[in-house]
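The next block is data-v4.csv, given as CSV, C-alpha atoms.
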```
chain,number,residue,atom,x,y,z
P,1126,MET,CA,-1.4,-6.3,-43.2
P,1127,ALA,CA,-1.9,-9.6,-41.4
P,1128,GLU,CA,-5.1,-11.6,-41.9
P,1129,ASN,CA,-6.2,-11.0,-38.3
P,1130,SER,CA,-5.5,-7.2,-38.2
P,1131,PHE,CA,-7.4,-4.1,-39.1
P,1132,PRO,CA,-6.3,-0.5,-39.8
P,1133,CYS,CA,-6.1,2.0,-36.9
P,1134,PRO,CA,-8.6,4.8,-37.5
P,1135,ALA,CA,-6.2,7.4,-36.2
P,1136,CYS,CA,-2.8,6.5,-37.8
P,1137,GLY,CA,-3.7,3.7,-40.3
P,1138,GLY,CA,-1.2,1.3,-38.7
P,1139,PRO,CA,-2.2,-2.4,-38.4
P,1140,VAL,CA,-3.9,-3.3,-35.1
P,1141,GLU,CA,-3.9,-7.0,-34.1
P,1142,PRO,CA,-6.5,-7.6,-31.3
P,1143,ASN,CA,-6.1,-10.3,-28.7
P,1144,PRO,CA,-8.7,-13.0,-28.8
P,1145,GLY,CA,-11.9,-12.1,-26.9
P,1146,GLU,CA,-11.0,-8.4,-26.5
P,1147,LYS,CA,-13.6,-5.8,-27.6
P,1148,ARG,CA,-11.3,-2.8,-27.2
P,1149,THR,CA,-7.5,-2.7,-27.7
P,1150,ALA,CA,-4.8,-0.1,-28.1
P,1151,CYS,CA,-3.0,0.7,-31.4
P,1152,GLY,CA,0.7,-0.4,-31.1
P,1153,PHE,CA,1.8,2.6,-33.1
P,1154,CYS,CA,-0.1,5.6,-31.8
P,1155,GLY,CA,-1.5,4.2,-28.6
P,1156,VAL,CA,-5.1,5.2,-29.4
P,1157,SER,CA,-7.8,3.0,-27.8
P,1158,VAL,CA,-9.9,1.5,-30.6
P,1159,THR,CA,-13.0,-0.8,-30.7
P,1160,VAL,CA,-12.3,-4.1,-32.4
P,1161,PRO,CA,-14.7,-4.6,-35.3
P,1162,ALA,CA,-17.2,-7.5,-34.8
P,1163,SER,CA,-15.8,-9.4,-37.7
P,1164,PHE,CA,-12.4,-9.7,-35.8
P,1165,ILE,CA,-13.9,-10.9,-32.6
P,1166,PRO,CA,-13.7,-14.7,-32.7
P,1167,LYS,CA,-16.9,-16.7,-32.3
P,1168,VAL,CA,-17.2,-18.4,-28.9
P,1169,ASP,CA,-17.7,-22.1,-28.5
P,1170,SER,CA,-20.4,-21.6,-25.9
P,1171,ALA,CA,-21.2,-25.3,-25.6
P,1172,GLY,CA,-17.6,-26.1,-24.7
P,1173,VAL,CA,-17.3,-23.2,-22.3
P,1174,LEU,CA,-20.5,-24.1,-20.5
P,1175,ALA,CA,-19.5,-27.7,-20.2
P,1176,ARG,CA,-16.2,-26.7,-18.6
P,1177,VAL,CA,-18.0,-24.3,-16.3
P,1178,ARG,CA,-20.5,-27.0,-15.3
P,1179,ASN,CA,-17.6,-29.4,-14.5
P,1180,ALA,CA,-16.0,-26.8,-12.3
P,1181,LEU,CA,-19.3,-26.2,-10.5
P,1182,ALA,CA,-19.8,-29.9,-10.1
P,1183,GLY,CA,-16.4,-30.1,-8.4
P,1184,GLY,CA,-17.5,-27.3,-6.1
P,1185,ASN,CA,-15.0,-24.7,-7.6
P,1186,LYS,CA,-17.1,-21.7,-8.2
P,1187,ILE,CA,-14.2,-19.3,-8.6
P,1188,GLU,CA,-12.7,-21.5,-11.3
P,1189,ALA,CA,-16.1,-21.6,-13.0
P,1190,VAL,CA,-16.3,-17.8,-13.0
P,1191,ARG,CA,-12.7,-17.6,-14.5
P,1192,LEU,CA,-13.5,-20.1,-17.2
P,1193,TYR,CA,-16.8,-18.4,-18.1
P,1194,ARG,CA,-15.1,-15.0,-18.2
P,1195,GLU,CA,-12.2,-16.1,-20.4
P,1196,GLY,CA,-14.3,-18.3,-22.6
P,1197,MET,CA,-17.1,-15.8,-23.2
P,1198,GLY,CA,-15.1,-12.6,-23.2
P,1199,VAL,CA,-17.3,-10.9,-20.6
P,1200,GLY,CA,-16.6,-8.8,-17.5
P,1201,LEU,CA,-16.3,-10.2,-13.9
P,1202,LYS,CA,-19.8,-9.2,-12.8
P,1203,GLU,CA,-21.5,-10.7,-15.9
P,1204,ALA,CA,-19.5,-13.9,-15.5
P,1205,LYS,CA,-20.4,-14.1,-11.8
P,1206,ASP,CA,-24.1,-13.5,-12.5
P,1207,ALA,CA,-24.1,-16.1,-15.2
P,1208,VAL,CA,-22.3,-18.7,-13.1
P,1209,ASP,CA,-24.7,-18.1,-10.2
P,1210,THR,CA,-27.6,-18.7,-12.5
P,1211,LEU,CA,-26.0,-21.9,-13.8
P,1212,ASP,CA,-25.2,-23.0,-10.3
P,1213,ALA,CA,-28.8,-22.5,-9.3
P,1214,GLU,CA,-30.1,-24.4,-12.3
P,1215,TYR,CA,-27.8,-27.4,-11.9
P,1216,ASN,CA,-27.4,-27.5,-8.2
P,1217,PRO,CA,-30.7,-26.5,-6.7
P,1218,ARG,CA,-30.9,-25.7,-3.0
P,1219,PRO,CA,-33.5,-27.6,-1.0
P,1220,ALA,CA,-36.4,-25.5,-0.1
P,1221,PRO,CA,-36.8,-24.8,3.6
P,1222,PRO,CA,-39.5,-26.9,5.3
P,1223,GLN,CA,-43.0,-25.3,5.5
P,1224,LYS,CA,-44.4,-24.6,8.9
P,1225,SER,CA,-47.9,-25.6,9.9
P,1226,SER,CA,-50.6,-22.9,10.3
P,1227,GLU,CA,-50.4,-23.3,14.1
P,1228,GLU,CA,-46.7,-22.7,14.1
P,1229,GLN,CA,-47.1,-19.7,11.8
P,1230,VAL,CA,-49.8,-18.2,14.1
P,1231,ALA,CA,-47.5,-18.8,17.1
P,1232,ASP,CA,-44.6,-17.1,15.4
P,1233,MET,CA,-46.7,-14.1,14.4
P,1234,LEU,CA,-48.0,-13.7,18.0
P,1235,ARG,CA,-44.4,-13.9,19.4
P,1236,LYS,CA,-43.3,-11.2,16.9
P,1237,ALA,CA,-46.3,-9.0,17.7
P,1238,GLN,CA,-46.0,-9.2,21.5
P,1239,PRO,CA,-43.3,-6.6,21.9
P,1240,ILE,CA,-45.2,-4.2,19.6
P,1241,ALA,CA,-48.4,-4.7,21.6
P,1242,ALA,CA,-46.5,-4.1,24.9
P,1243,GLY,CA,-45.0,-0.9,23.5
P,1244,ALA,CA,-48.5,0.3,22.4
P,1245,LEU,CA,-49.9,-0.4,25.8
P,1246,ASN,CA,-47.1,1.6,27.5
P,1247,THR,CA,-47.7,4.5,25.1
P,1248,TYR,CA,-51.5,4.4,25.8
P,1249,THR,CA,-50.9,4.3,29.5
P,1250,TRP,CA,-48.7,7.4,29.4
P,1251,TRP,CA,-51.1,9.2,27.1
P,1252,SER,CA,-54.0,8.5,29.5
P,1253,VAL,CA,-52.0,9.9,32.5
P,1254,LEU,CA,-50.9,13.0,30.6
P,1255,LYS,CA,-54.3,13.9,29.2
P,1256,ARG,CA,-55.6,14.1,32.8
P,1257,ILE,CA,-52.5,15.9,34.2
P,1258,VAL,CA,-51.8,18.5,31.5
P,1259,PRO,CA,-55.1,20.4,31.7
P,1260,GLY,CA,-54.8,20.6,35.5
P,1261,CYS,CA,-51.2,21.9,35.1
P,1262,LEU,CA,-52.3,24.5,32.7
P,1263,VAL,CA,-55.1,25.7,35.0
P,1264,LEU,CA,-52.6,25.9,37.9
P,1265,LEU,CA,-50.1,27.8,35.8
P,1266,ALA,CA,-52.8,30.3,34.8
P,1267,ALA,CA,-53.8,30.8,38.4
P,1268,VAL,CA,-50.2,31.4,39.4
P,1269,CYS,CA,-49.8,33.9,36.6
P,1270,ILE,CA,-52.9,35.8,37.6
P,1271,LEU,CA,-52.0,35.8,41.3
P,1272,SER,CA,-48.4,37.0,40.6
P,1273,CYS,CA,-49.7,39.8,38.3
P,1274,ALA,CA,-52.4,40.8,40.9
P,1275,SER,CA,-49.8,40.9,43.7
P,1276,PHE,CA,-47.4,43.0,41.5
P,1277,VAL,CA,-50.2,45.5,40.6
P,1278,GLY,CA,-51.2,45.6,44.3
P,1279,PHE,CA,-47.5,46.3,45.3
P,1280,ILE,CA,-47.3,49.1,42.8
P,1281,PHE,CA,-50.5,50.6,44.0
P,1282,LEU,CA,-49.3,50.5,47.7
P,1283,LEU,CA,-46.0,52.2,46.7
P,1284,GLN,CA,-47.9,55.0,45.0
P,1285,MET,CA,-50.2,55.5,48.0
P,1286,GLN,CA,-47.4,55.8,50.5
P,1287,GLY,CA,-44.9,57.8,48.4
P,1288,GLY,CA,-47.4,59.7,46.5
```

Write out the structure in this file as structure tokens.
Amino acid sequence: MAENSFPCPACGGPVEPNPGEKRTACGFCGVSVTVPASFIPKVDSAGVLARVRNALAGGNKIEAVRLYREGMGVGLKEAKDAVDTLDAEYNPRPAPPQKSSEEQVADMLRKAQPIAAGALNTYTWWSVLKRIVPGCLVLLAAVCILSCASFVGFIFLLQMQGG
């Protein structure tokens, strides 16, 4: 067996992992195996980070992600998150200018104005409806009583005539 290989747990054949891989397939039986930690090469993180910073300084964020991913042996998401963190540390964005308290109050009033107008409209409708609805209910009750009374009177007259 070669110095940089280990035995496959399924068939015993030699497995030679590629640098930076944590999982690989056995060349003999095709089983996916986890590479033992002793066979994963140690990463020169200082050199990788220096190359990543150079790429970021040149404005090439995609290249920085690729360098970090290849050099550290991590996935795309982990590499992107790490490069975003490095970019924020070494290329800080200027903070937006702070507004004065008068400007903040004016902004809040501008934002609250449509809400207040909507509340006023709702209150106006509610005031009108709370006066109209009880009157409508009384009128409806009177119509029901009159229609029932006229129906009973009509039945009474039919019985008196036809008897």

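Between atom CA of P:Ala1241 and atom CA of P:Pro1259 there is a distance of 27.9 Å.
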
Item to complete: Could you tell me which of P:Phe1153, P:Tyr1215, P:Phe1279, P:Trp1250 comes closest to P:Val1177 if we count only C-alpha atoms?
Response: P:Tyr1215

Response to the item:
Pairwise distance, atom CA of P:Asn1216 with atom CA of P:Val1190, equals 15.5 Å

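By chain and then residue number, the residues within 10 Å of stretch 1131-1138 of chain P are Met1126, Ala1150, Cys1151, Gly1152, Phe1153, Cys1154, Gly1155, Val1156, Ser1157, Val1158, Thr1159, Val1160, Pro1161 and Phe1164 of chain P, counting only C-alpha atoms and disregarding those fewer than 5 positions away in sequence.
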
Worksheet entry | Within 12 Å of stretch 1180-1186 of chain P using only C-alpha atoms, minus same-chain residues under 5 positions, as a PyMOL selection string | chain P and resi 1173-1175+1191-1193+1204-1217

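Interatomic distance, atom CA of P:Arg1194 to atom CA of P:Ser1170: 11.4 Å.
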
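Take the candidates P:Arg1148, P:Ile1240, P:Ser1163, P:Leu1254 and check each one against P:Asn1129 using only C-alpha atoms; the shortest distance goes to P:Ser1163.
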
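Considering only C-alpha atoms, the residue among P:Arg1235, P:Arg1176, P:Lys1224, P:Arg1256 positioned nearest to P:Glu1195 is P:Arg1176.
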